[in-house]
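Quick look at upload-v9.pdb (PDB, C-alpha atoms, pLDDT in the B column):
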```pdb
ATOM      1  CA  MET A  28      46.492  12.732  62.730  1.00 47.00           C
ATOM      2  CA  ALA A  29      47.132  10.003  60.169  1.00 48.00           C
ATOM      3  CA  ASP A  30      44.209   8.011  61.620  1.00 52.00           C
ATOM      4  CA  LEU A  31      41.870  10.981  61.122  1.00 46.00           C
ATOM      5  CA  GLU A  32      42.940  11.414  57.470  1.00 50.00           C
ATOM      6  CA  SER A  33      42.495   7.718  56.752  1.00 51.00           C
ATOM      7  CA  GLN A  34      38.950   7.835  58.169  1.00 51.00           C
ATOM      8  CA  VAL A  35      37.948  10.962  56.195  1.00 49.00           C
ATOM      9  CA  ALA A  36      39.270   9.724  52.819  1.00 56.00           C
ATOM     10  CA  PRO A  37      37.051   6.590  52.544  1.00 59.00           C
ATOM     11  CA  SER A  38      34.022   8.626  53.620  1.00 61.00           C
ATOM     12  CA  ASN A  39      34.628  11.207  50.867  1.00 63.00           C
ATOM     13  CA  LEU A  40      35.286   8.427  48.396  1.00 58.00           C
ATOM     14  CA  ARG A  41      31.927   6.805  49.235  1.00 64.00           C
ATOM     15  CA  LYS A  42      30.116  10.129  48.802  1.00 63.00           C
ATOM     16  CA  GLU A  43      31.804  10.690  45.441  1.00 65.00           C
ATOM     17  CA  ARG A  44      30.887   7.198  44.222  1.00 68.00           C
ATOM     18  CA  THR A  45      27.264   7.657  45.332  1.00 69.00           C
ATOM     19  CA  SER A  46      27.127  11.013  43.563  1.00 68.00           C
ATOM     20  CA  ASN A  47      28.599   9.543  40.350  1.00 74.00           C
ATOM     21  CA  CYS A  48      26.157   6.618  40.457  1.00 75.00           C
ATOM     22  CA  PHE A  49      23.224   9.032  40.801  1.00 72.00           C
ATOM     23  CA  ILE A  50      24.464  11.098  37.825  1.00 76.00           C
ATOM     24  CA  TYR A  51      24.899   7.971  35.658  1.00 74.00           C
ATOM     25  CA  CYS A  52      21.404   6.756  36.551  1.00 76.00           C
ATOM     26  CA  LEU A  53      19.933  10.184  35.770  1.00 74.00           C
ATOM     27  CA  VAL A  54      21.711  10.340  32.375  1.00 76.00           C
ATOM     28  CA  GLY A  55      20.563   6.782  31.564  1.00 77.00           C
ATOM     29  CA  PHE A  56      16.971   7.673  32.485  1.00 75.00           C
ATOM     30  CA  MET A  57      17.090  10.780  30.262  1.00 77.00           C
ATOM     31  CA  ILE A  58      18.438   8.737  27.318  1.00 79.00           C
ATOM     32  CA  LEU A  59      15.673   6.161  27.815  1.00 74.00           C
ATOM     33  CA  CYS A  60      13.000   8.907  27.902  1.00 65.00           C
ATOM     34  CA  SER A  61      14.434  10.465  24.722  1.00 69.00           C
ATOM     35  CA  ALA A  62      14.372   7.091  22.946  1.00 65.00           C
ATOM     36  CA  VAL A  63      10.739   6.513  23.954  1.00 61.00           C
ATOM     37  CA  LEU A  64       9.797  10.013  22.777  1.00 59.00           C
ATOM     38  CA  VAL A  65      11.529   9.530  19.395  1.00 62.00           C
ATOM     39  CA  PHE A  66       9.820   6.139  19.029  1.00 56.00           C
ATOM     40  CA  ALA A  67       6.406   7.657  19.791  1.00 55.00           C
ATOM     41  CA  VAL A  68       6.869  10.543  17.351  1.00 51.00           C
ATOM     42  CA  LEU A  69       8.352   8.594  14.442  1.00 54.00           C
ATOM     43  CA  ILE A  70       6.729   5.190  14.699  1.00 53.00           C
ATOM     44  CA  LEU A  71       3.354   5.741  16.330  1.00 61.00           C
ATOM     45  CA  HIS A  72       2.395   8.980  14.524  1.00 69.00           C
ATOM     46  CA  ILE A  73       0.040   7.499  11.916  1.00 79.00           C
ATOM     47  CA  LYS A  74      -0.588   9.431   8.687  1.00 86.00           C
ATOM     48  CA  PRO A  75      -3.215   8.670   6.014  1.00 90.00           C
ATOM     49  CA  PRO A  76      -2.063   7.010   2.779  1.00 92.00           C
ATOM     50  CA  GLU A  77      -1.223   9.104  -0.286  1.00 94.00           C
ATOM     51  CA  VAL A  78      -3.289   8.090  -3.331  1.00 94.00           C
ATOM     52  CA  LYS A  79      -2.337   9.325  -6.823  1.00 95.00           C
ATOM     53  CA  LEU A  80      -2.742   8.512 -10.489  1.00 94.00           C
ATOM     54  CA  ARG A  81       0.726   7.960 -11.914  1.00 91.00           C
ATOM     55  CA  LEU A  82       0.332   6.759 -15.458  1.00 92.00           C
ATOM     56  CA  ILE A  83      -2.489   6.982 -18.008  1.00 94.00           C
ATOM     57  CA  ASN A  84      -2.341   5.676 -21.577  1.00 95.00           C
ATOM     58  CA  VAL A  85      -5.049   6.220 -24.186  1.00 94.00           C
ATOM     59  CA  LYS A  86      -5.937   2.893 -25.818  1.00 91.00           C
ATOM     60  CA  ASP A  87      -8.764   3.979 -28.148  1.00 89.00           C
ATOM     61  CA  LEU A  88     -10.188   7.395 -28.896  1.00 91.00           C
ATOM     62  CA  ASN A  89     -13.127   8.344 -31.087  1.00 90.00           C
ATOM     63  CA  ASP A  90     -14.293  11.934 -31.257  1.00 89.00           C
ATOM     64  CA  SER A  91     -16.844  13.852 -33.263  1.00 87.00           C
ATOM     65  CA  PRO A  92     -17.223  17.628 -33.717  1.00 83.00           C
ATOM     66  CA  TRP A  93     -20.959  17.287 -34.390  1.00 83.00           C
ATOM     67  CA  PRO A  94     -22.707  16.221 -32.371  1.00 85.00           C
ATOM     68  CA  PRO A  95     -19.768  16.896 -30.029  1.00 87.00           C
ATOM     69  CA  SER A  96     -18.656  13.680 -28.364  1.00 89.00           C
ATOM     70  CA  PHE A  97     -15.673  11.595 -27.364  1.00 91.00           C
ATOM     71  CA  ASN A  98     -15.268   7.961 -26.364  1.00 94.00           C
ATOM     72  CA  THR A  99     -11.988   6.592 -25.080  1.00 94.00           C
ATOM     73  CA  THR A 100     -10.546   3.657 -23.202  1.00 95.00           C
ATOM     74  CA  LEU A 101      -7.812   4.497 -20.715  1.00 95.00           C
ATOM     75  CA  ALA A 102      -5.242   2.175 -19.135  1.00 95.00           C
ATOM     76  CA  ALA A 103      -4.173   3.704 -15.830  1.00 95.00           C
ATOM     77  CA  GLU A 104      -2.007   3.033 -12.814  1.00 95.00           C
ATOM     78  CA  MET A 105      -2.774   4.325  -9.337  1.00 94.00           C
ATOM     79  CA  THR A 106      -0.336   4.293  -6.415  1.00 94.00           C
ATOM     80  CA  VAL A 107      -1.146   3.938  -2.725  1.00 95.00           C
ATOM     81  CA  LYS A 108       1.814   5.138  -0.662  1.00 93.00           C
ATOM     82  CA  ASN A 109       1.965   4.040   2.984  1.00 92.00           C
ATOM     83  CA  PRO A 110       3.998   6.675   4.905  1.00 90.00           C
ATOM     84  CA  ASN A 111       3.873   4.633   8.131  1.00 87.00           C
ATOM     85  CA  PHE A 112       5.646   1.650   9.626  1.00 86.00           C
ATOM     86  CA  GLY A 113       3.238  -1.291   9.556  1.00 86.00           C
ATOM     87  CA  VAL A 114       0.881  -2.608   6.873  1.00 92.00           C
ATOM     88  CA  TYR A 115      -2.007  -0.757   5.211  1.00 91.00           C
ATOM     89  CA  GLU A 116      -4.620  -3.132   3.737  1.00 94.00           C
ATOM     90  CA  PHE A 117      -7.026  -1.303   1.443  1.00 93.00           C
ATOM     91  CA  GLU A 118     -10.472  -2.456   0.358  1.00 93.00           C
ATOM     92  CA  PRO A 119     -11.968  -2.447  -3.152  1.00 95.00           C
ATOM     93  CA  SER A 120     -12.729   1.126  -4.191  1.00 94.00           C
ATOM     94  CA  THR A 121     -13.994   3.153  -7.130  1.00 94.00           C
ATOM     95  CA  VAL A 122     -12.106   5.720  -9.204  1.00 95.00           C
ATOM     96  CA  SER A 123     -14.257   8.169 -11.182  1.00 96.00           C
ATOM     97  CA  PHE A 124     -13.316  10.293 -14.174  1.00 96.00           C
ATOM     98  CA  LEU A 125     -15.188  13.579 -14.473  1.00 96.00           C
ATOM     99  CA  TYR A 126     -15.768  16.159 -17.167  1.00 93.00           C
ATOM    100  CA  CYS A 127     -17.086  19.546 -15.964  1.00 90.00           C
ATOM    101  CA  GLY A 128     -17.937  17.923 -12.629  1.00 90.00           C
ATOM    102  CA  SER A 129     -20.051  15.112 -14.158  1.00 92.00           C
ATOM    103  CA  ARG A 130     -18.959  11.487 -14.148  1.00 95.00           C
ATOM    104  CA  VAL A 131     -18.072  10.168 -17.609  1.00 94.00           C
ATOM    105  CA  GLY A 132     -16.368   6.946 -16.496  1.00 94.00           C
ATOM    106  CA  SER A 133     -15.551   4.848 -13.459  1.00 95.00           C
ATOM    107  CA  SER A 134     -13.675   1.712 -12.534  1.00 95.00           C
ATOM    108  CA  VAL A 135     -13.723  -0.572  -9.490  1.00 94.00           C
ATOM    109  CA  LEU A 136     -10.270  -1.293  -8.123  1.00 92.00           C
ATOM    110  CA  VAL A 137      -9.206  -4.505  -6.430  1.00 91.00           C
ATOM    111  CA  MET A 138      -8.133  -4.729  -2.814  1.00 91.00           C
ATOM    112  CA  GLY A 139      -4.464  -4.786  -1.930  1.00 91.00           C
ATOM    113  CA  GLU A 140      -1.858  -3.842   0.629  1.00 92.00           C
ATOM    114  CA  ALA A 141       1.021  -1.437   1.014  1.00 93.00           C
ATOM    115  CA  LYS A 142       3.740  -2.558   3.397  1.00 92.00           C
ATOM    116  CA  GLY A 143       5.461  -0.142   5.777  1.00 88.00           C
ATOM    117  CA  LYS A 144       7.056   2.845   4.022  1.00 91.00           C
ATOM    118  CA  LYS A 145       6.277   1.256   0.616  1.00 94.00           C
ATOM    119  CA  THR A 146       4.039   2.088  -2.350  1.00 94.00           C
ATOM    120  CA  ALA A 147       1.513  -0.336  -3.852  1.00 95.00           C
ATOM    121  CA  LYS A 148       0.611  -0.043  -7.541  1.00 95.00           C
ATOM    122  CA  VAL A 149      -2.873  -0.816  -8.848  1.00 94.00           C
ATOM    123  CA  SER A 150      -3.498  -1.056 -12.605  1.00 95.00           C
ATOM    124  CA  PHE A 151      -6.964  -0.654 -14.081  1.00 95.00           C
ATOM    125  CA  GLY A 152      -8.843   0.202 -17.257  1.00 95.00           C
ATOM    126  CA  VAL A 153     -11.757   2.586 -17.669  1.00 95.00           C
ATOM    127  CA  ASP A 154     -14.126   3.547 -20.485  1.00 95.00           C
ATOM    128  CA  VAL A 155     -14.719   7.300 -20.614  1.00 94.00           C
ATOM    129  CA  ARG A 156     -17.811   8.338 -22.612  1.00 94.00           C
ATOM    130  CA  SER A 157     -19.208  11.830 -23.143  1.00 91.00           C
ATOM    131  CA  ASN A 158     -22.700  10.398 -23.771  1.00 90.00           C
ATOM    132  CA  ARG A 159     -22.886   9.920 -19.972  1.00 87.00           C
ATOM    133  CA  LEU A 160     -23.002  13.694 -19.514  1.00 87.00           C
ATOM    134  CA  PRO A 161     -26.285  15.108 -18.224  1.00 82.00           C
ATOM    135  CA  GLU A 162     -28.345  17.370 -20.458  1.00 78.00           C
ATOM    136  CA  GLY A 163     -27.544  21.036 -20.102  1.00 70.00           C
ATOM    137  CA  PRO A 164     -24.830  23.551 -20.910  1.00 67.00           C
ATOM    138  CA  ASN A 165     -21.217  22.438 -21.065  1.00 75.00           C
ATOM    139  CA  THR A 166     -18.046  23.347 -22.963  1.00 82.00           C
ATOM    140  CA  LEU A 167     -17.750  20.124 -24.963  1.00 88.00           C
ATOM    141  CA  ILE A 168     -18.159  21.822 -28.378  1.00 89.00           C
ATOM    142  CA  SER A 169     -15.301  24.263 -27.762  1.00 90.00           C
ATOM    143  CA  ASP A 170     -13.124  21.587 -26.114  1.00 91.00           C
ATOM    144  CA  ILE A 171     -13.525  19.171 -29.043  1.00 90.00           C
ATOM    145  CA  ASP A 172     -12.786  22.047 -31.483  1.00 90.00           C
ATOM    146  CA  SER A 173      -9.644  23.003 -29.538  1.00 92.00           C
ATOM    147  CA  GLY A 174      -8.562  19.349 -29.286  1.00 92.00           C
ATOM    148  CA  MET A 175      -8.095  19.602 -25.512  1.00 94.00           C
ATOM    149  CA  VAL A 176     -10.606  17.923 -23.182  1.00 94.00           C
ATOM    150  CA  LYS A 177     -10.033  18.645 -19.502  1.00 95.00           C
ATOM    151  CA  LEU A 178     -10.760  15.692 -17.215  1.00 96.00           C
ATOM    152  CA  SER A 179     -10.383  15.042 -13.527  1.00 96.00           C
ATOM    153  CA  GLY A 180     -10.006  11.841 -11.562  1.00 95.00           C
ATOM    154  CA  SER A 181     -11.202  11.325  -8.019  1.00 95.00           C
ATOM    155  CA  GLY A 182     -11.522   8.470  -5.612  1.00 94.00           C
ATOM    156  CA  THR A 183     -11.265   7.347  -2.018  1.00 93.00           C
ATOM    157  CA  VAL A 184      -9.271   4.387  -0.755  1.00 94.00           C
ATOM    158  CA  SER A 185     -10.307   3.027   2.641  1.00 93.00           C
ATOM    159  CA  GLY A 186      -8.615   0.349   4.669  1.00 93.00           C
ATOM    160  CA  ARG A 187      -7.010  -0.703   7.907  1.00 91.00           C
ATOM    161  CA  PHE A 188      -3.546   0.088   9.209  1.00 90.00           C
ATOM    162  CA  THR A 189      -1.924  -2.557  11.443  1.00 87.00           C
ATOM    163  CA  LEU A 190       1.320  -2.295  13.413  1.00 84.00           C
ATOM    164  CA  TRP A 191       2.600  -5.410  15.208  1.00 76.00           C
ATOM    165  CA  LYS A 192      -0.970  -6.768  15.432  1.00 75.00           C
ATOM    166  CA  ILE A 193      -1.419  -4.416  18.402  1.00 76.00           C
ATOM    167  CA  ILE A 194      -2.215  -1.041  16.858  1.00 76.00           C
ATOM    168  CA  LYS A 195      -5.130  -1.158  14.404  1.00 83.00           C
ATOM    169  CA  LYS A 196      -6.695   1.925  12.861  1.00 88.00           C
ATOM    170  CA  ARG A 197      -9.038   2.613   9.926  1.00 90.00           C
ATOM    171  CA  MET A 198      -7.711   5.189   7.501  1.00 90.00           C
ATOM    172  CA  THR A 199      -8.825   6.777   4.245  1.00 89.00           C
ATOM    173  CA  GLY A 200      -6.753   8.299   1.458  1.00 92.00           C
ATOM    174  CA  LYS A 201      -8.274  10.638  -1.120  1.00 94.00           C
ATOM    175  CA  MET A 202      -7.240  11.152  -4.711  1.00 94.00           C
ATOM    176  CA  ASP A 203      -7.876  14.359  -6.643  1.00 95.00           C
ATOM    177  CA  CYS A 204      -6.177  14.645 -10.044  1.00 96.00           C
ATOM    178  CA  THR A 205      -6.545  16.821 -13.137  1.00 96.00           C
ATOM    179  CA  MET A 206      -5.409  16.057 -16.676  1.00 96.00           C
ATOM    180  CA  THR A 207      -5.947  17.008 -20.303  1.00 96.00           C
ATOM    181  CA  LEU A 208      -6.915  14.570 -23.051  1.00 95.00           C
ATOM    182  CA  VAL A 209      -5.187  15.706 -26.255  1.00 95.00           C
ATOM    183  CA  VAL A 210      -7.524  14.540 -29.029  1.00 91.00           C
ATOM    184  CA  LYS A 211      -5.137  14.835 -31.978  1.00 90.00           C
ATOM    185  CA  SER A 212      -2.195  12.924 -30.448  1.00 93.00           C
ATOM    186  CA  LYS A 213      -4.450  10.614 -28.378  1.00 93.00           C
ATOM    187  CA  THR A 214      -2.441  11.217 -25.231  1.00 94.00           C
ATOM    188  CA  ILE A 215      -2.920  12.497 -21.689  1.00 95.00           C
ATOM    189  CA  LYS A 216      -0.828  15.477 -20.643  1.00 95.00           C
ATOM    190  CA  GLY A 217      -0.610  17.694 -17.581  1.00 94.00           C
ATOM    191  CA  LEU A 218      -1.470  14.973 -15.030  1.00 96.00           C
ATOM    192  CA  VAL A 219      -1.367  16.644 -11.608  1.00 95.00           C
ATOM    193  CA  CYS A 220      -2.526  15.059  -8.340  1.00 93.00           C
ATOM    194  CA  ARG A 221      -3.016  16.898  -5.057  1.00 86.00           C
TER     195      ARG A 221
END
```
Translate this file's structure into structure tokens.
Amino acid sequence: MADLESQVAPSNLRKERTSNCFIYCLVGFMILCSAVLVFAVLILHIKPPEVKLRLINVKDLNDSPWPPSFNTTLAAEMTVKNPNFGVYEFEPSTVSFLYCGSRVGSSVLVMGEAKGKKTAKVSFGVDVRSNRLPEGPNTLISDIDSGMVKLSGSGTVSGRFTLWKIIKKRMTGKMDCTMTLVVKSKTIKGLVCR
């Protein structure tokens, strides 16, 4: 009887160890799959850069009620935020300032790069002139009289995203901002970028 018990016990012990080993391997495999899934979602999900105007200072401003006109020089700063891991290298691009949908000024920006999860700042100057407006109806007379000239800024930044020199992808970020030029105080207020 004792011989039978001693033979059964090691056999059950082997089965239990094999079962435990299988469970540990299965749990390890599930943890590995979860880690790969988290890596794919967080690291490899590539989003376009966020491009915004952050700061605009009025350097010079000349305005006239008749004929209605304004001429100003703006010093501005644009940010290019890279929401990804990896490096985003952007090419030279153009930022345009518009009044009533017509371009009244533009500036060419230099190339640069935004490292992973960082924001690059690009400073530039632009001359904004109402004499660049096309002929036709506009609200310049009433805007100059009110002292508030509504402007918008738009631009596209194109470049290449690189992660570990393996993943390379072209991406474009768009800027669309609105602002108000306050003639009397020679300032910009209400700068909003979408």
Item to complete: Find the distance between CA of Val131 in chain A and CA of Leu167 in chain A and write it in Å to one decimal.
Response: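 Going from CA of Val131 in chain A over to CA of Leu167 in chain A, I get 12.4 Å.
Once the PyMOL selection byres ((chain A and resi 107) around 6) is applied to the depicted file, the selected set reads Glu77, Val78, Thr106, Lys108, Thr146 and Ala147 of chain A.
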Point-to-point distance in Å for CA of Thr183 in chain A and CA of Lys195 in chain A: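 Distance between the two atoms: 19.5 Å.
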If you count all atoms listed in the file, which residues fall within 8 Å of Gly217 in chain A, apart from same-chain ones fewer than 6 positions away, as a list in words?
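Near Gly217 in chain A, the qualifying residues are Thr205, Met206 and Thr207 of chain A.
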Which residues would end up in the selection if the PyMOL selection byres ((chain A and resi 180) around 12) were applied here, given that I need the answer as a short mmCIF file (atom, residue, chain, number, x, y, z; two decimals) with C-alpha atoms, in the coordinates of the input?
```cif
data_model
loop_
_atom_site.label_atom_id
_atom_site.label_comp_id
_atom_site.auth_asym_id
_atom_site.auth_seq_id
_atom_site.Cartn_x
_atom_site.Cartn_y
_atom_site.Cartn_z
CA VAL A 78 -3.29 8.09 -3.33
CA LYS A 79 -2.34 9.32 -6.82
CA LEU A 80 -2.74 8.51 -10.49
CA ARG A 81 0.73 7.96 -11.91
CA ILE A 83 -2.49 6.98 -18.01
CA LEU A 101 -7.81 4.50 -20.72
CA ALA A 103 -4.17 3.70 -15.83
CA GLU A 104 -2.01 3.03 -12.81
CA MET A 105 -2.77 4.32 -9.34
CA THR A 121 -13.99 3.15 -7.13
CA VAL A 122 -12.11 5.72 -9.20
CA SER A 123 -14.26 8.17 -11.18
CA PHE A 124 -13.32 10.29 -14.17
CA LEU A 125 -15.19 13.58 -14.47
CA TYR A 126 -15.77 16.16 -17.17
CA CYS A 127 -17.09 19.55 -15.96
CA GLY A 128 -17.94 17.92 -12.63
CA SER A 129 -20.05 15.11 -14.16
CA ARG A 130 -18.96 11.49 -14.15
CA VAL A 131 -18.07 10.17 -17.61
CA GLY A 132 -16.37 6.95 -16.50
CA SER A 133 -15.55 4.85 -13.46
CA SER A 134 -13.68 1.71 -12.53
CA VAL A 153 -11.76 2.59 -17.67
CA VAL A 155 -14.72 7.30 -20.61
CA LYS A 177 -10.03 18.64 -19.50
CA LEU A 178 -10.76 15.69 -17.22
CA SER A 179 -10.38 15.04 -13.53
CA SER A 181 -11.20 11.32 -8.02
CA GLY A 182 -11.52 8.47 -5.61
CA THR A 183 -11.26 7.35 -2.02
CA LYS A 201 -8.27 10.64 -1.12
CA MET A 202 -7.24 11.15 -4.71
CA ASP A 203 -7.88 14.36 -6.64
CA CYS A 204 -6.18 14.64 -10.04
CA THR A 205 -6.54 16.82 -13.14
CA MET A 206 -5.41 16.06 -16.68
CA THR A 207 -5.95 17.01 -20.30
CA LEU A 218 -1.47 14.97 -15.03
CA VAL A 219 -1.37 16.64 -11.61
CA CYS A 220 -2.53 15.06 -8.34
CA ARG A 221 -3.02 16.90 -5.06
#
```
- Hey, what's within 7 Å of Leu190 in chain A if we count all atoms listed in the file and toss same-chain stuff fewer than 6 positions away? As a ChimeraX atom specification, please? /A:112-114
**OP:** Could you tell me which residues the PyMOL selection byres ((chain A and resi 209) around 12) returns for this structure, as a list of chain:residue names?
**Re:** A:Asn84, A:Val85, A:Leu88, A:Asn89, A:Asp90, A:Phe97, A:Thr99, A:Asp170, A:Ile171, A:Asp172, A:Ser173, A:Gly174, A:Met175, A:Val176, A:Lys177, A:Leu178, A:Met206, A:Thr207, A:Leu208, A:Val210, A:Lys211, A:Ser212, A:Lys213, A:Thr214, A:Ile215, A:Lys216, A:Gly217, A:Leu218
Could you add all heavy atoms to range 113-122 of chain A and give me the result as a JSON list (two decimals), keeping the file's coordinate frame?
```
[["chain", "number", "residue", "atom", "x", "y", "z"],
["A", 113, "GLY", "N", 4.43, -0.44, 9.44],
["A", 113, "GLY", "CA", 3.24, -1.29, 9.56],
["A", 113, "GLY", "C", 2.62, -1.49, 8.19],
["A", 113, "GLY", "O", 3.11, -0.99, 7.19],
["A", 114, "VAL", "N", 1.52, -2.23, 8.14],
["A", 114, "VAL", "CA", 0.88, -2.61, 6.87],
["A", 114, "VAL", "C", -0.46, -1.89, 6.73],
["A", 114, "VAL", "O", -1.22, -1.81, 7.69],
["A", 114, "VAL", "CB", 0.66, -4.14, 6.82],
["A", 114, "VAL", "CG1", -0.07, -4.55, 5.55],
["A", 114, "VAL", "CG2", 1.98, -4.87, 6.93],
["A", 115, "TYR", "N", -0.72, -1.37, 5.52],
["A", 115, "TYR", "CA", -2.01, -0.76, 5.21],
["A", 115, "TYR", "C", -2.71, -1.66, 4.20],
["A", 115, "TYR", "O", -2.25, -1.83, 3.08],
["A", 115, "TYR", "CB", -1.83, 0.66, 4.64],
["A", 115, "TYR", "CG", -3.13, 1.32, 4.26],
["A", 115, "TYR", "CD1", -4.07, 1.63, 5.22],
["A", 115, "TYR", "CD2", -3.42, 1.61, 2.93],
["A", 115, "TYR", "CE1", -5.28, 2.23, 4.88],
["A", 115, "TYR", "CE2", -4.62, 2.21, 2.58],
["A", 115, "TYR", "CZ", -5.53, 2.52, 3.56],
["A", 115, "TYR", "OH", -6.73, 3.10, 3.21],
["A", 116, "GLU", "N", -3.82, -2.28, 4.62],
["A", 116, "GLU", "CA", -4.62, -3.13, 3.74],
["A", 116, "GLU", "C", -5.83, -2.33, 3.28],
["A", 116, "GLU", "O", -6.65, -1.92, 4.10],
["A", 116, "GLU", "CB", -5.07, -4.38, 4.48],
["A", 116, "GLU", "CG", -3.91, -5.27, 4.91],
["A", 116, "GLU", "CD", -4.36, -6.42, 5.78],
["A", 116, "GLU", "OE1", -5.34, -6.26, 6.54],
["A", 116, "GLU", "OE2", -3.72, -7.48, 5.70],
["A", 117, "PHE", "N", -5.92, -2.11, 1.95],
["A", 117, "PHE", "CA", -7.03, -1.30, 1.44],
["A", 117, "PHE", "C", -8.07, -2.19, 0.77],
["A", 117, "PHE", "O", -7.77, -3.23, 0.22],
["A", 117, "PHE", "CB", -6.56, -0.17, 0.52],
["A", 117, "PHE", "CG", -5.63, -0.58, -0.58],
["A", 117, "PHE", "CD1", -6.12, -0.89, -1.83],
["A", 117, "PHE", "CD2", -4.27, -0.62, -0.37],
["A", 117, "PHE", "CE1", -5.27, -1.23, -2.86],
["A", 117, "PHE", "CE2", -3.40, -0.97, -1.39],
["A", 117, "PHE", "CZ", -3.91, -1.29, -2.64],
["A", 118, "GLU", "N", -9.31, -1.72, 0.86],
["A", 118, "GLU", "CA", -10.47, -2.46, 0.36],
["A", 118, "GLU", "C", -10.74, -2.09, -1.10],
["A", 118, "GLU", "O", -10.20, -1.10, -1.59],
["A", 118, "GLU", "CB", -11.69, -2.09, 1.22],
["A", 118, "GLU", "CG", -11.48, -2.40, 2.69],
["A", 118, "GLU", "CD", -12.40, -1.60, 3.61],
["A", 118, "GLU", "OE1", -13.13, -0.70, 3.12],
["A", 118, "GLU", "OE2", -12.39, -1.88, 4.80],
["A", 119, "PRO", "N", -11.58, -2.85, -1.80],
["A", 119, "PRO", "CA", -11.97, -2.45, -3.15],
["A", 119, "PRO", "C", -12.57, -1.04, -3.13],
["A", 119, "PRO", "O", -13.29, -0.68, -2.20],
["A", 119, "PRO", "CB", -13.02, -3.49, -3.55],
["A", 119, "PRO", "CG", -12.71, -4.67, -2.71],
["A", 119, "PRO", "CD", -12.19, -4.13, -1.41],
["A", 120, "SER", "N", -12.24, -0.26, -4.14],
["A", 120, "SER", "CA", -12.73, 1.13, -4.19],
["A", 120, "SER", "C", -13.04, 1.50, -5.63],
["A", 120, "SER", "O", -12.76, 0.75, -6.55],
["A", 120, "SER", "CB", -11.69, 2.08, -3.60],
["A", 120, "SER", "OG", -10.47, 1.95, -4.29],
["A", 121, "THR", "N", -13.61, 2.68, -5.80],
["A", 121, "THR", "CA", -13.99, 3.15, -7.13],
["A", 121, "THR", "C", -13.25, 4.44, -7.47],
["A", 121, "THR", "O", -13.16, 5.35, -6.64],
["A", 121, "THR", "CB", -15.52, 3.42, -7.19],
["A", 121, "THR", "OG1", -16.20, 2.21, -6.86],
["A", 121, "THR", "CG2", -15.95, 3.87, -8.56],
["A", 122, "VAL", "N", -12.72, 4.50, -8.68],
["A", 122, "VAL", "CA", -12.11, 5.72, -9.20],
["A", 122, "VAL", "C", -13.03, 6.26, -10.28],
["A", 122, "VAL", "O", -13.49, 5.51, -11.15],
["A", 122, "VAL", "CB", -10.71, 5.44, -9.80],
["A", 122, "VAL", "CG1", -10.18, 6.67, -10.51],
["A", 122, "VAL", "CG2", -9.76, 4.99, -8.73]]
```
